[in-house]
$ cat structure_25.txt   # compact mmCIF, C-alpha atoms
# COMPACT_ATOMS: atom_id res chain seq x y z
CA MET S 244 -13.56 13.68 3.99
CA THR S 245 -13.60 10.33 5.77
CA ALA S 246 -15.18 7.88 3.33
CA LEU S 247 -15.67 7.30 -0.33
CA GLU S 248 -19.20 8.21 -1.37
CA PRO S 249 -21.08 5.24 -2.81
CA ALA S 250 -20.76 5.06 -6.56
CA VAL S 251 -23.79 6.38 -8.37
CA GLY S 252 -25.73 3.70 -10.22
CA ALA S 253 -28.46 4.01 -12.79
CA ILE S 254 -30.36 7.29 -12.67
CA ARG S 255 -33.94 6.78 -11.60
CA LYS S 256 -36.68 7.95 -13.91
CA PRO S 257 -40.17 9.10 -12.88
CA GLY S 258 -42.73 6.34 -12.64
CA ARG S 259 -43.46 3.35 -10.51
CA PRO S 260 -40.81 2.32 -7.94
CA ARG S 261 -37.98 0.17 -9.19
CA ASP S 262 -37.46 -3.37 -7.97
CA GLU S 263 -34.03 -3.21 -6.31
CA ARG S 264 -33.64 -7.00 -6.52
CA ALA S 265 -34.16 -6.89 -10.28
CA ASP S 266 -31.70 -4.01 -10.58
CA ARG S 267 -29.06 -5.97 -8.68
CA ALA S 268 -29.66 -9.15 -10.65
CA ILE S 269 -29.35 -7.29 -13.95
CA ILE S 270 -26.17 -5.48 -12.90
CA ASP S 271 -24.58 -8.67 -11.55
CA ALA S 272 -25.45 -10.53 -14.74
CA ALA S 273 -23.98 -7.77 -16.92
CA LEU S 274 -20.74 -7.73 -14.92
CA GLU S 275 -20.41 -11.52 -14.94
CA ILE S 276 -20.85 -11.70 -18.72
CA PHE S 277 -18.46 -8.81 -19.28
CA ALA S 278 -15.81 -10.23 -16.92
CA GLY S 279 -16.06 -13.68 -18.44
CA ASP S 280 -16.40 -13.06 -22.16
CA GLY S 281 -15.97 -9.33 -22.81
CA TYR S 282 -18.01 -6.57 -24.34
CA HIS S 283 -18.74 -8.43 -27.57
CA ALA S 284 -20.61 -11.12 -25.61
CA LEU S 285 -22.71 -8.64 -23.68
CA SER S 286 -26.26 -8.32 -25.01
CA MET S 287 -29.64 -7.51 -23.53
CA GLU S 288 -30.75 -11.06 -24.37
CA ALA S 289 -27.80 -12.63 -22.55
CA VAL S 290 -28.25 -10.38 -19.52
CA ALA S 291 -31.99 -11.07 -19.36
CA ALA S 292 -31.42 -14.82 -19.49
CA ARG S 293 -28.74 -14.75 -16.80
CA ALA S 294 -30.66 -12.36 -14.52
CA GLY S 295 -33.96 -14.20 -14.92
CA VAL S 296 -35.84 -11.13 -16.12
CA SER S 297 -37.43 -10.06 -19.38
CA LYS S 298 -35.68 -7.81 -21.90
CA ALA S 299 -38.51 -5.32 -21.37
CA THR S 300 -37.52 -5.08 -17.71
CA ILE S 301 -33.99 -4.16 -18.70
CA TYR S 302 -35.05 -1.69 -21.38
CA ARG S 303 -37.26 0.11 -18.86
CA ARG S 304 -34.07 0.88 -16.98
CA TRP S 305 -31.36 1.21 -19.64
CA ALA S 306 -31.45 2.27 -23.28
CA GLY S 307 -28.83 -0.24 -24.37
CA LYS S 308 -25.96 -2.46 -23.29
CA ARG S 309 -23.44 0.38 -23.16
CA GLU S 310 -25.55 2.40 -20.72
CA LEU S 311 -26.13 -0.73 -18.64
CA LEU S 312 -22.44 -1.58 -18.50
CA ILE S 313 -21.39 1.94 -17.52
CA ASP S 314 -23.83 1.92 -14.58
CA ALA S 315 -22.77 -1.61 -13.67
CA LEU S 316 -19.09 -0.67 -13.64
CA ALA S 317 -19.83 2.14 -11.18
CA THR S 318 -21.00 -0.44 -8.64
CA LEU S 319 -17.51 -1.94 -8.48
CA ASN S 320 -16.75 0.74 -5.89
CA ASP S 321 -19.63 -0.36 -3.65
CA ASP S 322 -17.29 -2.48 -1.52
CA PHE S 323 -14.71 0.27 -1.03
CA PRO S 324 -14.22 0.53 2.75
CA THR S 325 -15.50 3.46 4.74
CA VAL S 326 -13.43 4.88 7.58
CA PRO S 327 -15.01 4.01 10.94
CA ALA S 328 -16.29 6.96 12.93
CA ALA S 329 -14.06 7.49 15.93
CA VAL S 330 -13.08 10.15 18.43
CA PRO S 331 -10.43 11.25 17.87
CA ALA S 332 -10.61 10.79 14.09
CA PRO S 333 -8.32 8.16 12.56
CA SER S 334 -4.88 9.39 11.60
CA THR S 335 -3.91 9.96 7.99
CA LYS S 336 -1.66 6.91 8.18
CA ALA S 337 -4.54 4.74 9.43
CA ARG S 338 -6.87 6.00 6.70
CA LEU S 339 -4.31 5.28 4.00
CA LEU S 340 -3.73 1.77 5.35
CA ILE S 341 -7.47 1.03 5.25
CA ALA S 342 -7.51 1.67 1.50
CA MET S 343 -4.21 -0.12 0.89
CA ARG S 344 -5.32 -3.21 2.81
CA HIS S 345 -8.57 -3.29 0.88
CA MET S 346 -6.73 -3.26 -2.43
CA ALA S 347 -4.13 -5.83 -1.35
CA GLY S 348 -6.83 -8.13 0.02
CA ARG S 349 -8.97 -8.13 -3.09
CA ASP S 350 -9.46 -11.53 -4.66
CA PRO S 351 -8.17 -11.44 -8.26
CA ASN S 352 -10.95 -13.91 -9.11
CA SER S 353 -13.62 -11.45 -7.97
CA LEU S 354 -15.56 -9.41 -10.52
CA ALA S 355 -13.40 -6.34 -9.97
CA GLY S 356 -10.26 -8.45 -10.08
CA ARG S 357 -11.23 -10.05 -13.40
CA ILE S 358 -12.49 -6.84 -14.97
CA MET S 359 -9.38 -4.74 -14.30
CA PRO S 360 -6.98 -6.67 -16.60
CA ARG S 361 -9.67 -6.78 -19.29
CA MET S 362 -10.01 -3.01 -19.08
CA MET S 363 -6.24 -2.60 -19.44
CA VAL S 364 -6.53 -4.35 -22.80
CA TYR S 365 -9.58 -2.26 -23.69
CA SER S 366 -7.62 0.92 -23.01
CA VAL S 367 -6.11 0.25 -26.45
CA SER S 368 -8.86 -1.63 -28.30
CA HIS S 369 -11.89 0.19 -26.80
CA PRO S 370 -10.55 3.54 -25.54
CA ASP S 371 -14.02 5.08 -25.17
CA LEU S 372 -15.17 2.22 -22.95
CA TYR S 373 -11.96 2.40 -20.93
CA ALA S 374 -12.53 6.13 -20.47
CA GLU S 375 -15.92 5.38 -18.89
CA TYR S 376 -14.33 2.76 -16.62
CA PHE S 377 -11.66 5.26 -15.62
CA ASP S 378 -14.24 7.91 -14.76
CA GLN S 379 -16.65 5.56 -12.98
CA VAL S 380 -14.21 3.30 -11.10
CA ILE S 381 -10.67 4.65 -10.97
CA MET S 382 -11.24 8.38 -10.47
CA PRO S 383 -13.56 8.07 -7.43
CA ARG S 384 -10.85 6.04 -5.67
CA ARG S 385 -8.18 8.51 -6.68
CA ARG S 386 -10.24 11.47 -5.48
CA TRP S 387 -10.68 9.71 -2.11
CA LEU S 388 -6.94 9.11 -1.84
CA TYR S 389 -6.06 12.65 -2.97
CA ALA S 390 -8.44 14.05 -0.36
CA VAL S 391 -6.95 11.93 2.44
CA LEU S 392 -3.45 13.05 1.47
CA GLN S 393 -4.53 16.70 1.27
CA ASP S 394 -6.19 16.42 4.68
CA GLY S 395 -2.89 15.09 6.02
CA ILE S 396 -1.02 18.04 4.54
CA ASP S 397 -3.52 20.49 5.99
CA SER S 398 -3.33 18.91 9.46
CA GLY S 399 0.47 18.83 9.44
CA GLU S 400 0.67 15.03 9.52
CA LEU S 401 2.16 15.03 6.03
CA ARG S 402 4.90 17.27 4.67
CA ALA S 403 3.67 20.59 3.31
CA ASP S 404 5.45 20.22 -0.05
CA LEU S 405 4.07 16.74 -0.78
CA ASP S 406 2.90 16.11 -4.34
CA VAL S 407 -0.34 14.22 -3.71
CA GLU S 408 -0.43 12.64 -7.16
CA LEU S 409 3.04 11.16 -6.86
CA ALA S 410 2.32 10.07 -3.30
CA ALA S 411 -0.83 8.27 -4.44
CA ILE S 412 1.12 6.45 -7.14
CA ALA S 413 3.78 5.44 -4.61
CA LEU S 414 1.13 4.04 -2.25
CA VAL S 415 -1.06 2.21 -4.76
CA GLY S 416 1.24 1.34 -7.65
CA PRO S 417 3.28 -1.35 -5.89
CA ILE S 418 0.11 -3.08 -4.66
CA LEU S 419 -1.36 -3.22 -8.16
CA LEU S 420 1.92 -4.40 -9.65
CA HIS S 421 2.36 -7.07 -6.99
CA SER S 422 -1.22 -8.34 -7.24
CA HIS S 423 -0.98 -8.79 -11.01
CA SER S 424 2.50 -10.32 -11.09
CA LYS S 425 2.59 -12.82 -8.23
CA GLY S 426 0.64 -15.40 -10.24
CA GLY S 427 -1.61 -16.63 -7.46
CA PRO S 428 -5.06 -15.85 -6.10
CA ARG S 429 -4.06 -15.53 -2.43
CA PRO S 430 -4.19 -11.91 -1.18
CA ASP S 431 -1.04 -10.49 0.42
CA THR S 432 -2.15 -9.14 3.79
CA GLU S 433 1.33 -8.01 4.90
CA LEU S 434 2.22 -5.92 1.87
CA PRO S 435 0.42 -2.66 2.86
CA ASP S 436 2.19 -2.45 6.22
CA GLN S 437 5.53 -3.32 4.64
CA LEU S 438 5.08 -0.60 2.03
CA MET S 439 3.95 1.95 4.59
CA ALA S 440 7.04 1.27 6.72
CA ILE S 441 9.17 2.21 3.71
CA LEU S 442 7.09 5.16 2.45
CA TRP S 443 5.92 6.83 5.65
CA PRO S 444 9.27 8.49 6.51
CA GLY S 445 9.08 10.36 3.20
CA LEU S 446 5.44 11.33 3.65
CA ARG S 447 5.24 12.52 7.24
CA GLY S 448 5.30 16.15 8.20
CA ASP S 449 8.48 15.96 10.28
CA SER S 450 10.52 14.40 7.48
CA ASP S 451 14.05 15.73 7.00
CA LEU S 452 14.22 14.52 3.42
CA GLN S 453 14.75 16.91 0.50
CA PRO S 454 11.62 18.77 -0.65
CA CYS S 455 9.24 17.03 -3.03
CA VAL S 456 7.65 18.72 -6.01
CA SER S 457 4.46 20.78 -5.81
CA SER S 458 1.54 19.74 -3.60
CA ARG S 459 -1.07 20.75 -6.17
CA MET S 460 -4.26 18.72 -6.18
CA PRO S 461 -4.67 16.90 -9.53
CA ALA S 462 -7.64 17.85 -11.67
CA ALA S 463 -10.38 15.25 -12.06
CA SER S 464 -9.40 14.91 -15.72
CA ASP S 465 -5.81 13.90 -14.93
CA ARG S 466 -5.17 10.44 -16.29
CA SER S 467 -2.18 8.16 -16.29
$ encode --input "structure_25.txt" --output "structure tokens"
Amino acid sequence: MTALEPAVGAIRKPGRPRDERADRAIIDAALEIFAGDGYHALSMEAVAARAGVSKATIYRRWAGKRELLIDALATLNDDFPTVPAAVPAPSTKARLLIAMRHMAGRDPNSLAGRIMPRMMVYSVSHPDLYAEYFDQVIMPRRRWLYAVLQDGIDSGELRADLDVELAAIALVGPILLHSHSKGGPRPDTELPDQLMAILWPGLRGDSDLQPCVSSRMPAASDRS
């Protein structure tokens, strides 16, 4: 596996072709309202006004604001980087750095950057909505990372006893913590390489460190 598959948006229904520009305008409007004012402020009327479409146009696509928001959240993975095709294929280390640099370089003022802290609050106040966010946004990224790590184990680049779930946490956790604690909007472009320099000796296949715990692949339902 060399790239994250594009997140699946709204399911198309039989009938006349959809207007992709209207779809994008509606989704962008829903995300902007949600990021700015939260779920309580999201309504079909507000989305229609912001997107410049009629409510009927939205209702032809989505049954209600919850369905619209769930599909809109899935598009937050649209900018996740793909691994460039190359011969030979990029190393496991290079593939991991691509994802880490993407996360570290994300603008906290972007839609995804503003929505993430809101969803952390909603994990308590709106657990069902957070569960949808987790499934639509977080799990696809985790599956990509788990697959890259497992590929590295299979190829011998990573140690055979590596626990891929713990390794993923070690790679991503410090970036998320740093990005939400530094108090400024400027991305940290050096952090991924600094972290990799520390972590790689414990990940690589020729490591002499003590064995890690099991290398089982986490189930899709595993949640932190």
$ atom_distance --input "structure_25.txt" --atom1 "CA of Ser297 (chain S)" --atom2 "CA of Ala355 (chain S)"
26.1 Å
$ atom_distance --input "structure_25.txt" --atom1 "CA of Asp406 (chain S)" --atom2 "CA of Ala332 (chain S)"
23.5 Å
$ axis_aligned_box --input "structure_25.txt" --around "region 359-374 of chain S" --padding-each-side "8 Å" --output "JSON"
{"center_x": -10.6, "center_y": -0.3, "center_z": -21.3, "size_x": 25.1, "size_y": 28.9, "size_z": 30.0}
$ atom_distance --input "structure_25.txt" --atom1 "CA of Gly448 (chain S)" --atom2 "CA of Glu400 (chain S)"
4.9 Å
$ residues_around --input "structure_25.txt" --residues "Ser286 (chain S)" --least-positions-apart "4" --cutoff "10 Å" --atoms "only C-alpha atoms" --output "ChimeraX atom specification"
/S:273,276-277,282,290-292,298,307-309,311
$ closest_residue --input "structure_25.txt" --among "S:Leu354, S:Leu340, S:Met382, S:Val407" --to "Asp394 (chain S)" --atoms "only C-alpha atoms"
S:Val407
$ residues_near_point --input "structure_25.txt" --point "(-6.1, -5.2, -18.2)" --cutoff "12 Å" --atoms "only C-alpha atoms" --output "number ranges by chain"
S: 278, 281, 351, 355-369, 373, 376, 419-420, 423
$ closest_residue --input "structure_25.txt" --among "S:Leu372, S:Leu312, S:Ala337, S:Val380" --to "Leu392 (chain S)" --atoms "all atoms listed in the file"
S:Ala337
$ residues_around --input "structure_25.txt" --residues "Ile270 (chain S)" --least-positions-apart "4" --cutoff "10 Å" --atoms "only C-alpha atoms" --output "PyMOL selection string"
chain S and resi 252-253+264-266+274-275+290+294+301+311-316+318
$ residues_around --input "structure_25.txt" --residues "Arg344 (chain S)" --least-positions-apart "5" --cutoff "10 Å" --atoms "all atoms listed in the file" --output "ChimeraX atom specification"
/S:324,339,349,418,430-436
$ write_last_selection --input "structure_25.txt" --atoms "C-alpha atoms" --output "tab-separated table (two decimals), in the coordinates of the input"
chain	number	residue	atom	x	y	z
S	324	PRO	CA	-14.22	0.53	2.75
S	339	LEU	CA	-4.31	5.28	4.00
S	349	ARG	CA	-8.97	-8.13	-3.09
S	418	ILE	CA	0.11	-3.08	-4.66
S	430	PRO	CA	-4.19	-11.91	-1.18
S	431	ASP	CA	-1.04	-10.49	0.42
S	432	THR	CA	-2.15	-9.14	3.79
S	433	GLU	CA	1.33	-8.01	4.90
S	434	LEU	CA	2.22	-5.92	1.87
S	435	PRO	CA	0.42	-2.66	2.86
S	436	ASP	CA	2.19	-2.45	6.22
$ residues_near_point --input "structure_25.txt" --point "(5.3, 4.9, 0.2)" --cutoff "7 Å" --atoms "only C-alpha atoms" --output "ChimeraX atom specification"
/S:410,413-414,438-439,441-443
$ closest_residue --input "structure_25.txt" --among "S:Val415, S:Glu288, S:Trp305, S:Arg447" --to "His345 (chain S)" --atoms "all atoms listed in the file"
S:Val415
$ closest_residue --input "structure_25.txt" --among "S:Glu263, S:Asp271, S:Asp350, S:Asp404" --to "Arg293 (chain S)" --atoms "only C-alpha atoms"
S:Asp271
$ residues_around --input "structure_25.txt" --residues "Val391 (chain S)" --least-positions-apart "3" --cutoff "9 Å" --atoms "all atoms listed in the file" --output "PyMOL selection string"
chain S and resi 244-245+335+338-339+386-388+394-396
